[in-house]
file structure_37.tsv (TSV, C-alpha atoms)
chain	number	residue	atom	x	y	z
A	25	MET	CA	33.24	-108.40	-16.24
A	26	ALA	CA	31.57	-105.12	-15.30
A	27	LYS	CA	34.96	-103.52	-14.74
A	28	LYS	CA	36.10	-104.37	-18.26
A	29	GLN	CA	32.90	-102.89	-19.70
A	30	ARG	CA	33.43	-99.62	-17.82
A	31	GLU	CA	37.03	-99.40	-19.04
A	32	LYS	CA	35.88	-100.05	-22.60
A	33	ILE	CA	33.26	-97.25	-22.39
A	34	TYR	CA	35.84	-94.85	-20.84
A	35	ARG	CA	38.27	-95.50	-23.71
A	36	ARG	CA	35.51	-94.72	-26.23
A	37	ARG	CA	34.62	-91.37	-24.55
A	38	ARG	CA	38.24	-90.24	-24.12
A	39	PRO	CA	38.63	-88.80	-27.70
A	40	LEU	CA	35.32	-86.93	-27.33
A	41	ARG	CA	36.42	-85.34	-24.09
A	42	ALA	CA	39.73	-84.32	-25.59
A	43	LEU	CA	37.92	-82.75	-28.54
A	44	LEU	CA	35.58	-80.76	-26.26
A	45	ARG	CA	38.57	-79.56	-24.23
A	46	VAL	CA	40.34	-78.34	-27.37
A	47	LEU	CA	37.20	-76.58	-28.64
A	48	GLY	CA	36.80	-74.82	-25.27
A	49	ILE	CA	40.38	-73.58	-25.35
A	50	LEU	CA	40.01	-72.35	-28.93
A	51	THR	CA	36.76	-70.52	-28.02
A	52	LEU	CA	38.46	-68.80	-25.11
A	53	VAL	CA	41.45	-67.79	-27.29
A	54	VAL	CA	39.15	-66.40	-29.99
A	55	ALA	CA	37.17	-64.39	-27.41
A	56	VAL	CA	40.36	-62.93	-25.94
A	57	LEU	CA	41.69	-62.06	-29.42
A	58	PHE	CA	38.38	-60.41	-30.32
A	59	ILE	CA	38.47	-58.26	-27.22
A	60	VAL	CA	42.09	-57.27	-27.83
A	61	VAL	CA	41.46	-56.44	-31.49
A	62	PHE	CA	38.28	-54.52	-30.63
A	63	PHE	CA	40.02	-52.27	-28.13
A	64	TRP	CA	43.01	-51.91	-30.46
A	65	PHE	CA	40.76	-50.72	-33.29
A	66	GLN	CA	39.09	-48.28	-30.86
A	67	ASN	CA	42.25	-46.16	-31.07
A	68	PHE	CA	41.88	-45.76	-34.84
A	69	ILE	CA	38.12	-45.06	-35.07
A	70	VAL	CA	37.24	-41.56	-36.25
A	71	TYR	CA	33.82	-39.98	-36.75
A	72	THR	CA	32.84	-38.06	-39.86
A	73	PRO	CA	29.54	-36.55	-41.02
A	74	ASP	CA	29.21	-39.59	-43.31
A	75	GLY	CA	29.77	-42.20	-40.64
A	76	ILE	CA	32.56	-44.13	-38.90
A	77	ARG	CA	36.00	-44.65	-40.52
A	78	LEU	CA	39.24	-46.47	-39.57
A	79	ASP	CA	42.42	-44.37	-39.58
A	80	ILE	CA	45.17	-47.02	-39.37
A	81	PRO	CA	48.57	-45.44	-40.20
A	82	PHE	CA	50.04	-48.31	-42.27
A	83	LEU	CA	46.80	-48.73	-44.24
A	84	ARG	CA	46.07	-45.09	-45.07
A	85	ASP	CA	46.99	-45.60	-48.74
A	86	ILE	CA	44.60	-48.51	-49.00
A	87	LEU	CA	41.65	-47.21	-47.00
A	88	ASP	CA	39.44	-44.33	-48.09
A	89	GLU	CA	40.82	-40.85	-47.55
A	90	ILE	CA	39.93	-39.48	-44.12
A	91	PRO	CA	38.16	-36.05	-44.28
A	92	GLU	CA	39.76	-33.14	-42.47
A	93	ASP	CA	36.68	-32.66	-40.28
A	94	ALA	CA	37.01	-36.18	-38.82
A	95	SER	CA	36.85	-36.31	-35.04
A	96	PRO	CA	37.80	-38.91	-32.42
A	97	TYR	CA	34.49	-38.15	-30.65
A	98	PRO	CA	30.98	-38.99	-31.87
A	99	ILE	CA	29.37	-36.21	-33.87
A	100	LEU	CA	25.98	-35.58	-32.26
A	101	PRO	CA	23.05	-33.99	-34.08
A	102	PRO	CA	22.50	-30.30	-33.37
A	103	VAL	CA	20.23	-29.53	-30.41
A	104	GLU	CA	17.45	-27.04	-30.95
A	105	THR	CA	17.74	-24.37	-28.28
A	106	PRO	CA	14.55	-22.73	-27.00
A	107	PRO	CA	13.91	-19.15	-27.98
A	108	PRO	CA	15.44	-16.61	-25.57
A	109	ILE	CA	13.32	-15.19	-22.80
A	110	HIS	CA	12.58	-11.56	-23.46
A	111	GLY	CA	13.23	-9.42	-20.44
A	112	ASP	CA	14.46	-10.24	-16.98
A	113	PRO	CA	12.39	-13.03	-15.30
A	114	ASP	CA	12.59	-11.08	-12.03
A	115	ASP	CA	10.84	-8.18	-13.74
A	116	GLU	CA	7.90	-10.34	-14.84
A	117	PRO	CA	4.68	-9.42	-12.99
A	118	GLU	CA	3.50	-11.97	-10.44
A	119	VAL	CA	0.35	-13.79	-11.50
A	120	PRO	CA	-2.10	-13.82	-8.58
A	121	ILE	CA	-3.58	-17.14	-7.50
A	122	GLN	CA	-7.08	-17.45	-8.89
A	123	VAL	CA	-9.31	-18.84	-6.16
A	124	GLU	CA	-13.08	-18.93	-6.31
A	125	ASP	CA	-15.00	-17.27	-3.49
A	126	PHE	CA	-16.19	-19.61	-0.77
A	127	ARG	CA	-19.58	-19.09	0.89
A	128	THR	CA	-20.95	-21.27	3.65
A	129	VAL	CA	-24.05	-20.94	5.80
A	130	PHE	CA	-23.96	-21.51	9.55
A	131	LEU	CA	-26.65	-23.89	10.83
A	132	GLN	CA	-27.49	-25.69	14.03
A	133	GLY	CA	-27.72	-29.45	13.77
A	134	ALA	CA	-31.45	-29.38	14.43
A	135	ASP	CA	-31.93	-27.07	11.42
A	136	LEU	CA	-31.12	-29.94	9.06
A	137	SER	CA	-34.41	-31.63	9.93
A	138	ASN	CA	-36.42	-28.64	8.66
A	139	VAL	CA	-37.99	-29.59	5.31
A	140	LEU	CA	-37.36	-26.09	3.91
A	141	TRP	CA	-33.59	-26.09	4.41
A	142	GLU	CA	-32.80	-27.03	0.79
A	143	LEU	CA	-34.74	-24.12	-0.71
A	144	ALA	CA	-33.34	-21.74	1.88
A	145	ILE	CA	-29.73	-22.75	1.24
A	146	GLU	CA	-30.23	-22.46	-2.52
A	147	GLY	CA	-31.68	-18.98	-2.09
A	148	LEU	CA	-28.68	-17.86	-0.06
A	149	GLY	CA	-26.33	-18.77	-2.91
A	150	VAL	CA	-23.81	-20.68	-0.80
A	151	ASP	CA	-21.64	-23.64	-1.76
A	152	GLY	CA	-21.26	-25.11	1.71
A	153	VAL	CA	-22.92	-25.66	5.07
A	154	LEU	CA	-21.27	-25.32	8.48
A	155	VAL	CA	-23.33	-27.34	10.93
A	156	ALA	CA	-22.83	-27.05	14.70
A	157	MET	CA	-22.94	-30.66	15.91
A	158	ASN	CA	-22.54	-29.87	19.63
A	159	ASP	CA	-22.33	-26.87	21.96
A	160	PRO	CA	-20.09	-25.71	24.84
A	161	SER	CA	-22.07	-27.90	27.23
A	162	GLY	CA	-20.75	-30.99	25.39
A	163	MET	CA	-24.18	-32.30	24.40
A	164	LEU	CA	-24.13	-33.79	20.90
A	165	TRP	CA	-26.87	-33.29	18.36
A	166	TRP	CA	-26.51	-36.64	16.61
A	167	ASP	CA	-26.96	-40.21	17.78
A	168	THR	CA	-23.31	-41.26	17.88
A	169	ASP	CA	-21.89	-44.72	18.43
A	170	VAL	CA	-18.84	-43.39	20.29
A	171	PRO	CA	-18.91	-45.29	23.63
A	172	TYR	CA	-17.63	-42.41	25.76
A	173	ALA	CA	-20.47	-40.16	24.59
A	174	ARG	CA	-23.01	-42.82	25.48
A	175	SER	CA	-21.48	-43.66	28.84
A	176	PHE	CA	-21.75	-40.00	29.93
A	177	GLU	CA	-25.20	-39.55	28.32
A	178	LEU	CA	-24.03	-36.94	25.81
A	179	ALA	CA	-25.35	-38.53	22.60
A	180	GLY	CA	-28.37	-36.94	20.96
A	181	ALA	CA	-31.06	-38.45	18.75
A	182	GLY	CA	-30.47	-36.71	15.39
A	183	ASP	CA	-29.25	-38.31	12.17
A	184	PRO	CA	-27.65	-35.94	9.65
A	185	ALA	CA	-26.86	-38.63	7.06
A	186	PRO	CA	-30.16	-38.44	5.06
A	187	TYR	CA	-29.98	-34.64	4.81
A	188	LEU	CA	-26.33	-34.67	3.79
A	189	GLU	CA	-27.12	-37.15	1.02
A	190	GLN	CA	-29.80	-34.79	-0.31
A	191	MET	CA	-27.32	-31.94	-0.47
A	192	GLY	CA	-25.24	-33.72	-3.11
A	193	GLU	CA	-21.49	-33.93	-3.58
A	194	ASP	CA	-21.07	-30.33	-4.84
A	195	LEU	CA	-22.03	-28.79	-1.50
A	196	ARG	CA	-19.18	-28.75	1.01
A	197	ARG	CA	-20.34	-30.25	4.30
A	198	SER	CA	-18.52	-28.97	7.38
A	199	ALA	CA	-19.16	-30.07	10.97
A	200	LEU	CA	-18.43	-27.63	13.81
A	201	LEU	CA	-17.21	-29.28	17.00
A	202	TYR	CA	-16.53	-27.67	20.36
A	203	GLY	CA	-13.30	-29.46	21.19
A	204	PHE	CA	-12.12	-29.27	24.78
A	205	GLN	CA	-14.84	-26.93	26.02
A	206	ASN	CA	-17.24	-29.46	27.51
A	207	ASN	CA	-19.11	-28.57	30.70
A	208	LEU	CA	-21.01	-31.85	31.12
A	209	MET	CA	-18.07	-34.22	30.74
A	210	ALA	CA	-15.80	-32.00	32.85
A	211	THR	CA	-18.23	-32.15	35.78
A	212	ARG	CA	-19.07	-35.84	35.31
A	213	ASN	CA	-15.45	-36.99	34.94
A	214	PRO	CA	-13.16	-34.56	36.88
A	215	PRO	CA	-9.92	-36.62	36.44
A	216	ILE	CA	-9.76	-35.70	32.73
A	217	ALA	CA	-10.74	-32.04	33.20
A	218	LEU	CA	-9.08	-28.70	33.93
A	219	GLY	CA	-11.68	-26.98	36.05
A	220	ASP	CA	-15.45	-27.24	35.66
A	221	ASN	CA	-15.87	-26.61	31.94
A	222	PHE	CA	-12.69	-27.59	30.11
A	223	LEU	CA	-11.18	-30.98	29.31
A	224	ASP	CA	-7.44	-31.54	29.50
A	225	PRO	CA	-6.12	-31.40	25.89
A	226	ALA	CA	-3.04	-33.44	26.85
A	227	ASN	CA	-5.15	-36.29	28.23
A	228	VAL	CA	-5.07	-39.32	25.90
A	229	THR	CA	-8.69	-40.21	26.70
A	230	VAL	CA	-9.84	-36.70	25.81
A	231	GLN	CA	-7.91	-36.72	22.54
A	232	SER	CA	-9.25	-40.13	21.57
A	233	TYR	CA	-12.80	-39.02	22.34
A	234	LEU	CA	-12.52	-35.96	20.12
A	235	VAL	CA	-10.94	-37.91	17.26
A	236	ASP	CA	-13.62	-40.61	17.52
A	237	LEU	CA	-16.37	-37.97	17.31
A	238	ALA	CA	-14.75	-36.41	14.25
A	239	LEU	CA	-14.34	-39.73	12.46
A	240	ASP	CA	-17.95	-40.57	13.24
A	241	LEU	CA	-19.00	-37.32	11.55
A	242	VAL	CA	-16.83	-38.09	8.53
A	243	ARG	CA	-18.52	-41.48	8.30
A	244	LEU	CA	-21.91	-39.73	8.28
A	245	GLY	CA	-20.90	-37.59	5.29
A	246	PHE	CA	-19.03	-34.49	6.50
A	247	ASN	CA	-15.83	-33.70	4.60
A	248	GLU	CA	-14.48	-30.98	6.90
A	249	ILE	CA	-14.19	-30.86	10.69
A	250	VAL	CA	-14.09	-27.32	12.07
A	251	LEU	CA	-12.77	-27.22	15.63
A	252	THR	CA	-13.49	-24.46	18.12
A	253	GLY	CA	-13.06	-24.15	21.89
A	254	PHE	CA	-9.68	-25.88	21.70
A	255	THR	CA	-7.18	-23.55	23.41
A	256	TYR	CA	-5.97	-23.99	26.99
A	257	PRO	CA	-7.46	-21.66	29.62
A	258	PRO	CA	-5.18	-18.60	30.11
A	259	GLU	CA	-3.85	-19.80	33.45
A	260	TYR	CA	-2.55	-23.02	31.83
A	261	GLN	CA	-1.02	-21.52	28.68
A	262	SER	CA	2.72	-21.98	28.19
A	263	GLU	CA	5.21	-23.07	25.55
A	264	GLU	CA	4.74	-26.63	26.73
A	265	THR	CA	0.94	-26.55	26.33
A	266	ASP	CA	1.31	-24.85	22.93
A	267	ARG	CA	3.57	-27.66	21.77
A	268	ALA	CA	1.15	-30.28	23.11
A	269	LEU	CA	-1.71	-28.71	21.15
A	270	LEU	CA	0.34	-28.47	17.95
A	271	ASP	CA	1.34	-32.13	18.24
A	272	PHE	CA	-2.29	-33.09	18.71
A	273	PHE	CA	-3.43	-30.94	15.77
A	274	THR	CA	-0.81	-32.49	13.51
A	275	SER	CA	-1.90	-36.02	14.41
A	276	PHE	CA	-5.58	-35.05	14.20
A	277	ALA	CA	-5.20	-33.49	10.73
A	278	ASN	CA	-3.31	-36.53	9.42
A	279	THR	CA	-5.99	-38.88	10.73
A	280	LEU	CA	-8.74	-36.86	9.03
A	281	ARG	CA	-6.74	-36.66	5.80
A	282	VAL	CA	-6.51	-40.45	5.67
A	283	ALA	CA	-10.29	-40.62	6.22
A	284	GLY	CA	-10.87	-38.20	3.30
A	285	ALA	CA	-11.60	-35.02	5.28
A	286	SER	CA	-9.78	-31.87	6.37
A	287	LEU	CA	-9.29	-30.02	9.65
A	288	SER	CA	-10.12	-26.33	10.06
A	289	ILE	CA	-10.62	-24.04	13.06
A	290	LEU	CA	-13.18	-21.43	14.10
A	291	THR	CA	-12.11	-18.43	16.19
A	292	VAL	CA	-13.46	-14.96	16.89
A	293	GLU	CA	-12.10	-11.56	15.90
A	294	ALA	CA	-10.76	-10.97	19.41
A	295	ASP	CA	-8.44	-13.94	18.95
A	296	TRP	CA	-6.74	-12.04	16.12
A	297	LEU	CA	-6.85	-8.43	17.34
A	298	ASP	CA	-7.28	-6.91	20.78
A	299	ALA	CA	-9.63	-4.01	21.54
A	300	TYR	CA	-6.96	-1.52	20.36
A	301	GLY	CA	-6.43	-3.19	16.99
A	302	TYR	CA	-3.12	-4.84	17.80
A	303	PRO	CA	-2.39	-8.56	17.19
A	304	ALA	CA	-3.68	-10.65	20.07
A	305	PRO	CA	-1.48	-13.34	21.68
A	306	PHE	CA	-3.32	-16.45	20.51
A	307	HIS	CA	-2.03	-19.80	21.81
A	308	PRO	CA	-0.85	-21.66	19.85
A	309	SER	CA	-0.05	-18.94	17.31
A	310	PHE	CA	-1.87	-18.78	13.99
A	311	GLY	CA	1.50	-18.97	12.27
A	312	ASP	CA	2.16	-22.36	13.89
A	313	LEU	CA	-1.34	-23.56	13.00
A	314	ALA	CA	-1.15	-22.40	9.36
A	315	PRO	CA	0.74	-25.46	8.03
A	316	ILE	CA	-1.64	-27.82	9.81
A	317	VAL	CA	-5.22	-26.61	9.32
A	318	ASP	CA	-7.08	-25.95	6.09
A	319	ARG	CA	-9.35	-22.93	6.71
A	320	PHE	CA	-9.46	-20.22	9.35
A	321	TYR	CA	-13.11	-19.38	10.07
A	322	CYS	CA	-13.65	-16.23	12.12
A	323	ILE	CA	-16.74	-14.65	13.71
A	324	LEU	CA	-16.52	-10.86	13.67
A	325	ARG	CA	-17.50	-8.47	16.44
A	326	PRO	CA	-21.04	-7.05	16.04
A	327	GLU	CA	-19.66	-3.54	15.50
A	328	THR	CA	-17.17	-4.57	12.80
A	329	THR	CA	-18.36	-3.62	9.31
A	330	LEU	CA	-16.74	-4.18	5.91
A	331	ASP	CA	-15.67	-0.54	5.57
A	332	SER	CA	-14.46	-0.13	9.17
A	333	PRO	CA	-10.78	0.30	10.15
A	334	ALA	CA	-11.18	-2.75	12.39
A	335	PHE	CA	-11.93	-5.00	9.41
A	336	ALA	CA	-9.00	-3.57	7.44
A	337	ALA	CA	-6.72	-4.19	10.42
A	338	LEU	CA	-8.02	-7.75	10.69
A	339	LEU	CA	-7.27	-8.47	7.04
A	340	SER	CA	-3.76	-7.05	7.50
A	341	ALA	CA	-3.19	-9.37	10.46
A	342	VAL	CA	-4.46	-12.33	8.42
A	343	GLU	CA	-2.19	-11.45	5.51
A	344	ALA	CA	0.80	-11.26	7.85
A	345	VAL	CA	0.09	-14.88	8.85
A	346	LEU	CA	-1.14	-16.48	5.62
A	347	GLY	CA	0.67	-14.38	3.02
A	348	HIS	CA	-0.68	-15.11	-0.47
A	349	GLU	CA	-3.04	-17.75	0.97
A	350	THR	CA	-5.53	-15.31	2.50
A	351	HIS	CA	-8.25	-17.20	0.61
A	352	ARG	CA	-8.07	-19.70	3.49
A	353	PHE	CA	-9.58	-17.05	5.81
A	354	VAL	CA	-13.40	-17.07	6.03
A	355	PRO	CA	-14.98	-14.32	8.17
A	356	GLY	CA	-18.63	-13.94	9.02
A	357	ALA	CA	-21.12	-11.90	11.01
A	358	SER	CA	-24.88	-11.88	11.28
A	359	GLY	CA	-26.40	-9.56	8.68
A	360	LEU	CA	-23.18	-9.03	6.68
A	361	ARG	CA	-22.95	-10.54	3.19
A	362	PRO	CA	-20.46	-8.90	0.86
A	363	ASP	CA	-20.69	-9.59	-2.86
A	364	GLU	CA	-17.08	-10.75	-3.16
A	365	GLY	CA	-14.67	-12.85	-1.15
A	366	ASN	CA	-15.12	-15.68	1.31
A	367	TRP	CA	-17.90	-15.41	3.83
A	368	ILE	CA	-19.87	-17.24	6.51
A	369	VAL	CA	-23.56	-16.51	6.08
A	370	ILE	CA	-25.01	-16.32	9.59
A	371	PRO	CA	-28.81	-16.05	9.28
A	372	GLN	CA	-30.62	-13.72	11.62
A	373	VAL	CA	-33.49	-15.00	13.74
A	374	GLY	CA	-36.25	-16.35	11.51
A	375	GLU	CA	-34.35	-15.51	8.31
A	376	LEU	CA	-33.37	-18.96	7.13
A	377	PHE	CA	-36.73	-20.70	7.37
call {"tool": "encode", "arguments": {"input": "structure_37.tsv", "output": "structure tokens"}}
result
Amino acid sequence: MAKKQREKIYRRRRPLRALLRVLGILTLVVAVLFIVVFFWFQNFIVYTPDGIRLDIPFLRDILDEIPEDASPYPILPPVETPPPIHGDPDDEPEVPIQVEDFRTVFLQGADLSNVLWELAIEGLGVDGVLVAMNDPSGMLWWDTDVPYARSFELAGAGDPAPYLEQMGEDLRRSALLYGFQNNLMATRNPPIALGDNFLDPANVTVQSYLVDLALDLVRLGFNEIVLTGFTYPPEYQSEETDRALLDFFTSFANTLRVAGASLSILTVEADWLDAYGYPAPFHPSFGDLAPIVDRFYCILRPETTLDSPAFAALLSAVEAVLGHETHRFVPGASGLRPDEGNWIVIPQVGELF
């Protein structure tokens, strides 16, 4: 019984299936014809200023007359060309980079706790502070959480955070760190040292310690880490040690950049020029450091004045390294404060407070 019912239903649906099959074939034939006709008509389409026309040979007497300016290619609207440049671009004068002067005052970490620092800094007319947060002995001024500093009893008791908050966001806050020059740690942990007063820059523990100190200072509110005392002792200097330092500087700068700070260095005039005024062999070279660090701070010799040949020679050496970016060079000497240019204000004894 069920079999007969299924056969009966099948017979009823058979005409519907045949109809759907025929409609599908017709749809396919129409689509193919449309495509063929479309591409066939493509050969007879011409473009005129008034629009698109069909130029079919056997229908030319029936269709509208085709203008003589008809084209087989689309007629695009005219493009307005910019006015010509007068003169040769190579002859145009170079526009110098306009960079505001940068003034910073050099302070010891303990100076921040003096209640008169704010008035003193305002009176000096600076827009930044460069605070020495340790010294060549390796003793830190602030109470750091870096374990290595605590384990070797190098952490101090100061807290710069409240004073940095009072300075406001407009004042650039730079922390000076003696990098690998560290007498206390070198004598207390000889395996990571080169001699009695210098840590091994290639040692992973030493590098991690320095980076941890810098990141701790960034967390406290400093937005620039200025490194000094970072070159290998002369007897260890070589192309290999130069490359090791450059690799470390590159990694160090990237780490600080991610944390929202920059890396700069502090050197002395003798690192740039020898006693005869010739470029000194600094390792690694300033040219190799230029793409990595932000500013080049430099402490001048006591006898170097702004109008001396030595200062002119120094600026020439800086320009040879930095080119048009000499604004990244910030010199300074106690008692010297020119009215223009970058400068480190180094207060004389009793002058700041």
call {"tool": "atom_distance", "arguments": {"input": "structure_37.tsv", "atom1": "CA of Asp194 (chain A)", "atom2": "CA of Val153 (chain A)"}}
result
11.1 Å
call {"tool": "closest_residue", "arguments": {"input": "structure_37.tsv", "among": "A:Gly284, A:Pro39, A:Pro186, A:Pro315", "to": "Leu346 (chain A)", "atoms": "only C-alpha atoms"}}
result
A:Pro315
call {"tool": "closest_residue", "arguments": {"input": "structure_37.tsv", "among": "A:Leu223, A:Leu239, A:Leu136, A:Val54", "to": "Gly162 (chain A)", "atoms": "only C-alpha atoms"}}
result
A:Leu223
call {"tool": "atom_distance", "arguments": {"input": "structure_37.tsv", "atom1": "CA of Phe254 (chain A)", "atom2": "CA of Asp224 (chain A)"}}
result
9.9 Å
call {"tool": "atom_distance", "arguments": {"input": "structure_37.tsv", "atom1": "CA of Ala337 (chain A)", "atom2": "CA of Thr128 (chain A)"}}
result
23.2 Å
call {"tool": "residues_around", "arguments": {"input": "structure_37.tsv", "residues": "Leu200 (chain A)", "least_positions_apart": "5", "cutoff": "6 Å", "atoms": "all atoms listed in the file", "output": "number ranges by chain"}}
result
A: 155-157, 250-251
call {"tool": "closest_residue", "arguments": {"input": "structure_37.tsv", "among": "A:Ala334, A:Ala304, A:Ala199, A:Leu188", "to": "Leu287 (chain A)", "atoms": "only C-alpha atoms"}}
result
A:Ala199
call {"tool": "closest_residue", "arguments": {"input": "structure_37.tsv", "among": "A:Ser286, A:Met209, A:Thr229, A:Gly203", "to": "Asn158 (chain A)", "atoms": "all atoms listed in the file"}}
result
A:Gly203
call {"tool": "closest_residue", "arguments": {"input": "structure_37.tsv", "among": "A:Pro160, A:Pro225, A:Pro171, A:Pro257", "to": "Leu269 (chain A)", "atoms": "only C-alpha atoms"}}
result
A:Pro225
call {"tool": "residues_around", "arguments": {"input": "structure_37.tsv", "residues": "region 179-182 of chain A", "least_positions_apart": "2", "cutoff": "8 Å", "atoms": "all atoms listed in the file", "output": "VMD selection string"}}
result
chain A and resid 133 to 134 163 to 168 173 to 174 177 184
call {"tool": "residues_around", "arguments": {"input": "structure_37.tsv", "residues": "Ile316 (chain A)", "least_positions_apart": "2", "cutoff": "8 Å", "atoms": "all atoms listed in the file", "output": "count of residues only"}}
result
8
call {"tool": "residues_near_point", "arguments": {"input": "structure_37.tsv", "point": "(-20.4, -23.2, 0.5)", "cutoff": "12 Å", "atoms": "only C-alpha atoms", "output": "MDAnalysis selection string"}}
result
chainID A and resid 124:130 145:146 148:155 191 193:198 248 354 365:369
call {"tool": "residues_around", "arguments": {"input": "structure_37.tsv", "residues": "region 288-296 of chain A", "least_positions_apart": "3", "cutoff": "7 Å", "atoms": "only C-alpha atoms", "output": "list in words"}}
result
Ile249, Val250, Leu251, Thr252, Pro303, Ala304, Phe306, Val317, Asp318, Arg319, Phe320, Tyr321, Cys322, Ile323, Leu324 and Arg325 of chain A
